[in-house]
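Raw protein.tsv, TSV, C-alpha atoms:
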chain	number	residue	atom	x	y	z
A	263	MET	CA	82.80	48.13	13.64
A	264	PHE	CA	79.98	47.77	16.12
A	265	ILE	CA	81.27	48.68	19.59
A	266	THR	CA	79.11	48.71	22.71
A	267	PHE	CA	79.83	50.23	26.11
A	268	GLU	CA	78.55	48.63	29.30
A	269	GLY	CA	78.70	49.10	33.06
A	270	ILE	CA	76.67	50.36	35.98
A	271	ASP	CA	75.75	54.05	36.23
A	272	GLY	CA	78.58	56.48	36.82
A	273	CYS	CA	81.23	54.36	35.13
A	274	GLY	CA	81.87	57.00	32.45
A	275	LYS	CA	80.31	55.40	29.38
A	276	THR	CA	79.01	58.65	27.89
A	277	THR	CA	82.34	60.42	28.25
A	278	GLN	CA	84.37	57.55	26.85
A	279	ILE	CA	82.06	57.00	23.87
A	280	LYS	CA	82.54	60.65	22.88
A	281	LEU	CA	86.32	60.35	23.24
A	282	LEU	CA	86.41	57.20	21.14
A	283	ALA	CA	84.25	58.86	18.48
A	284	GLU	CA	86.76	61.72	18.33
A	285	TYR	CA	89.63	59.24	18.02
A	286	LEU	CA	87.93	57.37	15.18
A	287	ASP	CA	87.22	60.68	13.45
A	288	GLN	CA	90.95	61.43	13.57
A	289	LYS	CA	91.66	58.06	11.96
A	290	GLY	CA	89.15	58.78	9.21
A	291	ILE	CA	86.70	56.13	10.40
A	292	LYS	CA	83.11	57.28	9.98
A	293	ASN	CA	81.06	56.61	13.10
A	294	VAL	CA	77.79	57.38	14.84
A	295	MET	CA	76.91	57.35	18.54
A	296	LEU	CA	73.67	55.71	19.72
A	297	ARG	CA	72.16	54.92	23.09
A	298	GLU	CA	69.87	52.28	24.54
A	299	PRO	CA	67.05	52.40	25.07
A	300	GLY	CA	66.60	55.16	22.53
A	301	GLY	CA	68.11	56.35	19.29
A	302	VAL	CA	64.85	56.48	17.32
A	303	LYS	CA	61.44	57.96	18.18
A	304	ILE	CA	59.63	54.83	19.36
A	305	SER	CA	62.63	53.65	21.38
A	306	GLU	CA	63.01	57.07	23.02
A	307	GLU	CA	59.34	56.99	24.03
A	308	ILE	CA	59.84	53.54	25.57
A	309	ARG	CA	62.91	54.91	27.39
A	310	THR	CA	60.82	57.66	28.97
A	311	LEU	CA	58.34	55.08	30.27
A	312	LEU	CA	61.04	52.72	31.55
A	313	LEU	CA	62.86	55.41	33.52
A	314	ASP	CA	59.76	57.08	34.97
A	315	ALA	CA	60.24	56.92	38.73
A	316	HIS	CA	56.48	57.04	39.25
A	317	GLU	CA	55.79	53.86	37.27
A	318	LYS	CA	55.75	50.36	38.77
A	319	ILE	CA	56.86	47.95	36.06
A	320	GLU	CA	57.07	44.21	36.52
A	321	PRO	CA	60.43	42.58	35.68
A	322	ILE	CA	59.06	40.61	32.71
A	323	THR	CA	57.39	43.77	31.36
A	324	GLU	CA	60.64	45.65	31.81
A	325	LEU	CA	62.46	42.96	29.82
A	326	MET	CA	59.96	43.11	26.97
A	327	LEU	CA	60.02	46.91	26.81
A	328	PHE	CA	63.81	47.06	26.65
A	329	SER	CA	63.77	44.38	23.95
A	330	ALA	CA	61.10	46.19	21.94
A	331	ALA	CA	63.11	49.41	22.04
A	332	ARG	CA	66.21	47.49	20.92
A	333	ALA	CA	64.42	45.76	18.04
A	334	GLN	CA	63.21	49.10	16.69
A	335	LEU	CA	66.67	50.66	16.94
A	336	VAL	CA	68.42	47.70	15.31
A	337	GLU	CA	66.13	47.44	12.32
A	338	THR	CA	65.54	51.11	11.58
A	339	LEU	CA	68.94	52.66	12.33
A	340	LEU	CA	71.70	50.38	13.59
A	341	LYS	CA	71.76	47.80	10.80
A	342	PRO	CA	71.43	50.43	8.03
A	343	LYS	CA	74.39	52.38	9.46
A	344	LEU	CA	76.57	49.28	9.57
A	345	ALA	CA	75.49	48.31	6.04
A	346	ALA	CA	76.55	51.76	4.86
A	347	GLY	CA	80.06	51.21	6.23
A	348	ILE	CA	79.59	53.45	9.28
A	349	SER	CA	80.94	52.26	12.62
A	350	VAL	CA	78.43	52.32	15.48
A	351	LEU	CA	79.27	53.17	19.09
A	352	CYS	CA	76.35	52.25	21.32
A	353	ASP	CA	75.78	53.18	24.96
A	354	ARG	CA	74.43	49.81	26.18
A	355	PHE	CA	73.13	46.84	24.20
A	356	TYR	CA	71.88	43.35	25.04
A	357	ASP	CA	74.53	42.69	27.72
A	358	SER	CA	72.72	45.26	29.84
A	359	THR	CA	69.52	43.26	29.52
A	360	THR	CA	71.31	40.11	30.67
A	361	ALA	CA	72.94	41.93	33.60
A	362	TYR	CA	69.98	44.06	34.72
A	363	GLN	CA	66.96	41.88	34.03
A	364	GLY	CA	68.75	38.54	34.37
A	365	PHE	CA	71.24	38.92	37.22
A	366	GLY	CA	69.57	41.99	38.73
A	367	ARG	CA	65.87	41.13	38.53
A	368	GLY	CA	66.34	37.36	38.64
A	369	LEU	CA	64.74	36.47	35.32
A	370	ASP	CA	65.88	33.33	33.53
A	371	VAL	CA	69.09	34.11	31.63
A	372	ALA	CA	68.49	31.42	28.99
A	373	MET	CA	65.11	32.99	28.22
A	374	ILE	CA	66.74	36.41	28.02
A	375	ASP	CA	69.37	35.08	25.59
A	376	ASN	CA	66.61	33.91	23.27
A	377	ILE	CA	64.77	37.23	23.50
A	378	ASN	CA	68.00	39.12	22.88
A	379	LYS	CA	68.63	37.11	19.72
A	380	ALA	CA	65.09	37.75	18.50
A	381	ALA	CA	65.28	41.49	19.21
A	382	THR	CA	68.62	41.91	17.41
A	383	GLY	CA	68.08	39.47	14.56
A	384	GLY	CA	71.30	37.80	15.69
A	385	LEU	CA	73.37	41.00	15.47
A	386	GLU	CA	76.32	40.92	17.89
A	387	PRO	CA	78.84	43.63	18.82
A	388	ASP	CA	82.37	43.26	17.50
A	389	LEU	CA	83.69	44.66	20.77
A	390	THR	CA	82.13	45.43	24.14
A	391	ILE	CA	83.91	47.79	26.51
A	392	PHE	CA	82.90	47.02	30.09
A	393	LEU	CA	83.84	49.93	32.36
A	394	ASP	CA	83.91	48.46	35.85
A	395	ILE	CA	83.48	50.36	39.11
A	396	SER	CA	82.21	49.36	42.54
A	397	VAL	CA	78.66	50.11	43.56
A	398	ALA	CA	79.98	52.46	46.26
A	399	GLU	CA	81.92	54.48	43.68
A	400	SER	CA	78.90	54.48	41.38
A	401	LYS	CA	76.84	56.08	44.17
A	402	ASN	CA	79.54	58.67	44.81
A	403	ARG	CA	79.56	59.66	41.15
A	404	THR	CA	75.77	59.84	40.75
A	405	CYS	CA	74.68	61.14	44.16
A	406	ARG	CA	73.78	64.60	42.80
A	407	GLN	CA	71.47	63.23	40.14
A	408	ILE	CA	67.73	62.74	40.53
A	409	ALA	CA	67.33	58.96	40.56
A	410	ASP	CA	65.21	57.37	37.84
A	411	ARG	CA	63.10	54.24	38.35
A	412	ILE	CA	65.95	51.79	37.76
A	413	GLU	CA	68.46	53.81	39.78
A	414	GLN	CA	66.09	53.49	42.75
A	415	SER	CA	66.49	49.69	42.79
A	416	GLY	CA	68.99	49.62	45.70
A	417	ASP	CA	72.57	48.57	46.37
A	418	ASN	CA	71.94	44.82	46.41
A	419	PHE	CA	70.37	45.04	42.96
A	420	PHE	CA	73.38	46.87	41.54
A	421	GLU	CA	75.80	44.45	43.17
A	422	ARG	CA	74.03	41.66	41.27
A	423	VAL	CA	74.09	43.69	38.05
A	424	ARG	CA	77.82	44.34	38.39
A	425	ALA	CA	78.38	40.63	39.07
A	426	GLY	CA	76.45	39.95	35.87
A	427	PHE	CA	78.72	42.16	33.80
A	428	ILE	CA	81.78	40.53	35.34
A	429	ALA	CA	80.36	37.08	34.53
A	430	LEU	CA	79.79	38.13	30.92
A	431	SER	CA	83.35	39.43	30.61
A	432	GLU	CA	84.61	36.06	31.82
A	433	LYS	CA	82.28	34.09	29.56
A	434	TYR	CA	83.06	36.12	26.41
A	435	PRO	CA	86.66	37.35	26.92
A	436	ASN	CA	87.31	37.83	23.19
A	437	ARG	CA	84.42	40.28	22.88
A	438	VAL	CA	83.87	41.80	26.32
A	439	LYS	CA	86.90	43.74	27.54
A	440	ARG	CA	86.78	44.63	31.21
A	441	ILE	CA	88.51	47.89	32.17
A	442	ASN	CA	88.75	48.88	35.83
A	443	VAL	CA	87.99	52.60	35.91
A	444	GLU	CA	87.94	53.08	39.67
A	445	GLY	CA	90.74	55.45	40.67
A	446	GLU	CA	91.64	56.06	37.01
A	447	ASP	CA	91.42	59.45	35.33
A	448	VAL	CA	89.48	60.00	32.10
A	449	GLU	CA	92.59	60.08	29.90
A	450	SER	CA	93.97	56.84	31.33
A	451	VAL	CA	90.70	55.02	30.63
A	452	ARG	CA	90.54	56.54	27.15
A	453	ASN	CA	94.04	55.29	26.38
A	454	GLN	CA	93.17	51.76	27.52
A	455	ILE	CA	90.11	51.75	25.26
A	456	VAL	CA	92.19	52.97	22.30
A	457	VAL	CA	94.61	50.08	22.83
A	458	VAL	CA	91.72	47.59	22.74
A	459	VAL	CA	90.20	49.14	19.62
A	460	ASN	CA	93.52	49.37	17.78
A	461	LYS	CA	94.25	45.73	18.54
A	462	TYR	CA	90.89	44.79	17.04
A	463	LEU	CA	91.57	46.92	13.96
A	464	CYS	CA	94.98	45.33	13.44
A	465	GLU	CA	93.62	41.80	13.83
A	466	HIS	CA	90.84	42.46	11.31
A	467	ALA	CA	92.71	44.67	8.84
A	468	ASN	CA	92.75	41.95	6.19
A	469	ALA	CA	89.39	40.41	7.00
Kindly transcribe the structure held in the file into structure tokens.
Amino acid sequence: MFITFEGIDGCGKTTQIKLLAEYLDQKGIKNVMLREPGGVKISEEIRTLLLDAHEKIEPITELMLFSAARAQLVETLLKPKLAAGISVLCDRFYDSTTAYQGFGRGLDVAMIDNINKAATGGLEPDLTIFLDISVAESKNRTCRQIADRIEQSGDNFFERVRAGFIALSEKYPNRVKRINVEGEDVESVRNQIVVVVNKYLCEHANA
């Protein structure tokens, strides 16, 4: 399986990826956790540049850098893991590019779709878990952190990004599963994710 986790900052992606990894371990399903941008040396170096609060990066440059980091991760680590029969749990993938650079920055979504396909070689997630919270709740959860360059983009930007994720969940309902995490405890969200994953496993048991 290739499962991605999406959502605006503070939605709990990191926590829930770890909990799902533990659950898959218990089921005897080998898995690895990755993050975007990052996962391999070149992609991690691009991540450092992208998040540097002192850098001014144009939207189109931002798009290309995210895509370059993704292409390196996909070819050197992600595809080989999947080919070896290891499930991959990834903190963000190309839906983030559509939501952040498309809906958030206002770049052409059709262009982004083409770049996403080029960067991934056509690789698509089997499941995408979209953890949805309001921008206000996101700020409450991240207020103690030192904001990186993207986190400094403002409330209106993140409202557009969230709207982008919602639009993607409506456009691709079979793949993108929207889970409202606002007001929910960690265990409740974890249980909802397990239900989604188990349903996928049952449906594809004989595939």
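If you look at atom CA of Ser329 of chain A and atom CA of Ala380 of chain A, they are 8.7 Å away from each other.
By chain and then residue number, the residues within 8 Å of segment 337-341 of chain A are Gly301, Val302, Ala333, Gln334, Leu344, Ala345, Val350 and Thr382 of chain A, counting only C-alpha atoms and disregarding those fewer than 3 positions away in sequence.
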Contacts of Glu320 of chain A within 12 Å, all atoms listed in the file, excl. fewer than 5 positions in-chain, as a PyMOL selection string = chain A and resi 312+325-327+363+367-369+411-412
Can I get the selection written as an mmCIF file, in the coordinates of the input, with C-alpha atoms?
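Writing done, so here's result.cif:
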data_model
loop_
_atom_site.group_PDB
_atom_site.id
_atom_site.type_symbol
_atom_site.label_atom_id
_atom_site.label_comp_id
_atom_site.auth_asym_id
_atom_site.auth_seq_id
_atom_site.Cartn_x
_atom_site.Cartn_y
_atom_site.Cartn_z
ATOM 1 C CA LEU A 312 61.040 52.720 31.550
ATOM 2 C CA LEU A 325 62.460 42.960 29.820
ATOM 3 C CA MET A 326 59.960 43.110 26.970
ATOM 4 C CA LEU A 327 60.020 46.910 26.810
ATOM 5 C CA GLN A 363 66.960 41.880 34.030
ATOM 6 C CA ARG A 367 65.870 41.130 38.530
ATOM 7 C CA GLY A 368 66.340 37.360 38.640
ATOM 8 C CA LEU A 369 64.740 36.470 35.320
ATOM 9 C CA ARG A 411 63.100 54.240 38.350
ATOM 10 C CA ILE A 412 65.950 51.790 37.760
#
Measure the distance from atom CA of Leu311 of chain A to atom CA of Phe355 of chain A in Å and round it to one decimal.
->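 Atom CA of Phe355 of chain A lies 18.0 Å from atom CA of Leu311 of chain A.
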Excluding Val451 of chain A and residues on its chain fewer than 6 positions from it, collect all residues at most 8 Å away from it, counting all atoms listed in the file, and give them as a list of chain:residue names.
->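 Answer for this query is A:Gln278, A:Ile441, A:Val443.
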Just give me the residues with any atom within 12 Å of (78.9, 40.0, 13.7), file coordinates, counting only C-alpha atoms, written as a short mmCIF file (atom, residue, chain, number, x, y, z; two decimals) with C-alpha atoms, in the frame of the given file.
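See out08.cif below for the written result:
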data_model
loop_
_atom_site.label_atom_id
_atom_site.label_comp_id
_atom_site.auth_asym_id
_atom_site.auth_seq_id
_atom_site.Cartn_x
_atom_site.Cartn_y
_atom_site.Cartn_z
CA MET A 263 82.80 48.13 13.64
CA PHE A 264 79.98 47.77 16.12
CA ILE A 265 81.27 48.68 19.59
CA LYS A 341 71.76 47.80 10.80
CA LEU A 344 76.57 49.28 9.57
CA ALA A 345 75.49 48.31 6.04
CA THR A 382 68.62 41.91 17.41
CA GLY A 383 68.08 39.47 14.56
CA GLY A 384 71.30 37.80 15.69
CA LEU A 385 73.37 41.00 15.47
CA GLU A 386 76.32 40.92 17.89
CA PRO A 387 78.84 43.63 18.82
CA ASP A 388 82.37 43.26 17.50
CA LEU A 389 83.69 44.66 20.77
CA ARG A 437 84.42 40.28 22.88
#
Tell me which of A:Arg452, A:Lys318, A:Leu296, A:Thr323 sits closest to Leu393 of chain A, counting only C-alpha atoms.
->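 Ranked by minimum distance to Leu393 of chain A, first place goes to A:Arg452.
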Identify which of the residues A:Leu282, A:Ile348, A:Leu313, A:Ile308 lies closest to Ala330 of chain A, counting only C-alpha atoms when measuring atom-to-atom distances.
-> A:Ile308
Using only the atoms of segment 292-303 of chain A listed in the file, plus 6 Å on each side, state the axis-aligned box centre and edge lengths in Å rounded to one decimal, as AutoDock Vina command-line options.
--center_x 72.3 --center_y 55.1 --center_z 17.5 --size_x 33.7 --size_y 17.7 --size_z 27.1
Option closest in space to Asn460 of chain A, from A:Cys405, A:Leu281, A:Lys289, A:Thr360 [counting all atoms listed in the file] |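 So, comparing all the options, the nearest one is A:Lys289.
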Please supply segment 401-422 of chain A, rebuilt with N, CA, C and O atoms, as a CSV table (one decimal), in the frame of the given file.
chain,number,residue,atom,x,y,z
A,401,LYS,N,77.7,55.2,43.4
A,401,LYS,CA,76.8,56.1,44.2
A,401,LYS,C,77.5,57.4,44.4
A,401,LYS,O,76.9,58.5,44.3
A,402,ASN,N,78.8,57.4,44.6
A,402,ASN,CA,79.5,58.7,44.8
A,402,ASN,C,79.5,59.5,43.6
A,402,ASN,O,79.4,60.8,43.6
A,403,ARG,N,79.5,58.9,42.4
A,403,ARG,CA,79.6,59.7,41.2
A,403,ARG,C,78.2,60.1,40.7
A,403,ARG,O,78.1,61.1,40.0
A,404,THR,N,77.1,59.5,41.2
A,404,THR,CA,75.8,59.8,40.8
A,404,THR,C,74.9,60.4,41.8
A,404,THR,O,73.7,60.7,41.6
A,405,CYS,N,75.5,60.7,43.0
A,405,CYS,CA,74.7,61.1,44.2
A,405,CYS,C,74.0,62.5,43.9
A,405,CYS,O,73.0,62.7,44.6
A,406,ARG,N,74.4,63.3,43.0
A,406,ARG,CA,73.8,64.6,42.8
A,406,ARG,C,72.7,64.5,41.8
A,406,ARG,O,72.0,65.5,41.5
A,407,GLN,N,72.5,63.4,41.1
A,407,GLN,CA,71.5,63.2,40.1
A,407,GLN,C,70.1,62.8,40.8
A,407,GLN,O,70.1,62.2,41.9
A,408,ILE,N,69.1,63.2,40.1
A,408,ILE,CA,67.7,62.7,40.5
A,408,ILE,C,67.6,61.3,40.0
A,408,ILE,O,67.6,61.1,38.8
A,409,ALA,N,67.4,60.4,40.9
A,409,ALA,CA,67.3,59.0,40.6
A,409,ALA,C,66.1,58.6,39.7
A,409,ALA,O,65.0,59.0,40.1
A,410,ASP,N,66.3,57.9,38.6
A,410,ASP,CA,65.2,57.4,37.8
A,410,ASP,C,64.7,56.1,38.4
A,410,ASP,O,65.2,55.6,39.5
A,411,ARG,N,63.7,55.4,37.8
A,411,ARG,CA,63.1,54.2,38.4
A,411,ARG,C,64.1,53.1,38.6
A,411,ARG,O,64.1,52.5,39.6
A,412,ILE,N,65.0,52.9,37.6
A,412,ILE,CA,66.0,51.8,37.8
A,412,ILE,C,67.0,52.1,38.8
A,412,ILE,O,67.4,51.3,39.6
A,413,GLU,N,67.4,53.4,38.8
A,413,GLU,CA,68.5,53.8,39.8
A,413,GLU,C,68.0,53.7,41.2
A,413,GLU,O,68.8,53.7,42.2
A,414,GLN,N,66.7,53.6,41.4
A,414,GLN,CA,66.1,53.5,42.8
A,414,GLN,C,66.0,52.0,43.2
A,414,GLN,O,65.5,51.8,44.3
A,415,SER,N,66.6,51.1,42.5
A,415,SER,CA,66.5,49.7,42.8
A,415,SER,C,67.3,49.2,44.0
A,415,SER,O,67.1,48.1,44.5
A,416,GLY,N,68.3,50.0,44.5
A,416,GLY,CA,69.0,49.6,45.7
A,416,GLY,C,70.3,49.0,45.4
A,416,GLY,O,70.6,48.5,44.4
A,417,ASP,N,71.2,49.0,46.5
A,417,ASP,CA,72.6,48.6,46.4
A,417,ASP,C,72.7,47.1,46.0
A,417,ASP,O,73.5,46.7,45.2
A,418,ASN,N,71.9,46.3,46.7
A,418,ASN,CA,71.9,44.8,46.4
A,418,ASN,C,71.7,44.5,44.9
A,418,ASN,O,72.3,43.6,44.3
A,419,PHE,N,70.7,45.2,44.4
A,419,PHE,CA,70.4,45.0,43.0
A,419,PHE,C,71.6,45.4,42.1
A,419,PHE,O,72.0,44.6,41.2
A,420,PHE,N,72.2,46.5,42.4
A,420,PHE,CA,73.4,46.9,41.5
A,420,PHE,C,74.6,46.0,41.8
A,420,PHE,O,75.4,45.8,40.9
A,421,GLU,N,74.7,45.4,43.0
A,421,GLU,CA,75.8,44.4,43.2
A,421,GLU,C,75.6,43.2,42.3
A,421,GLU,O,76.5,42.7,41.7
A,422,ARG,N,74.3,42.8,42.1
A,422,ARG,CA,74.0,41.7,41.3
A,422,ARG,C,74.3,42.0,39.8
A,422,ARG,O,74.8,41.2,39.0
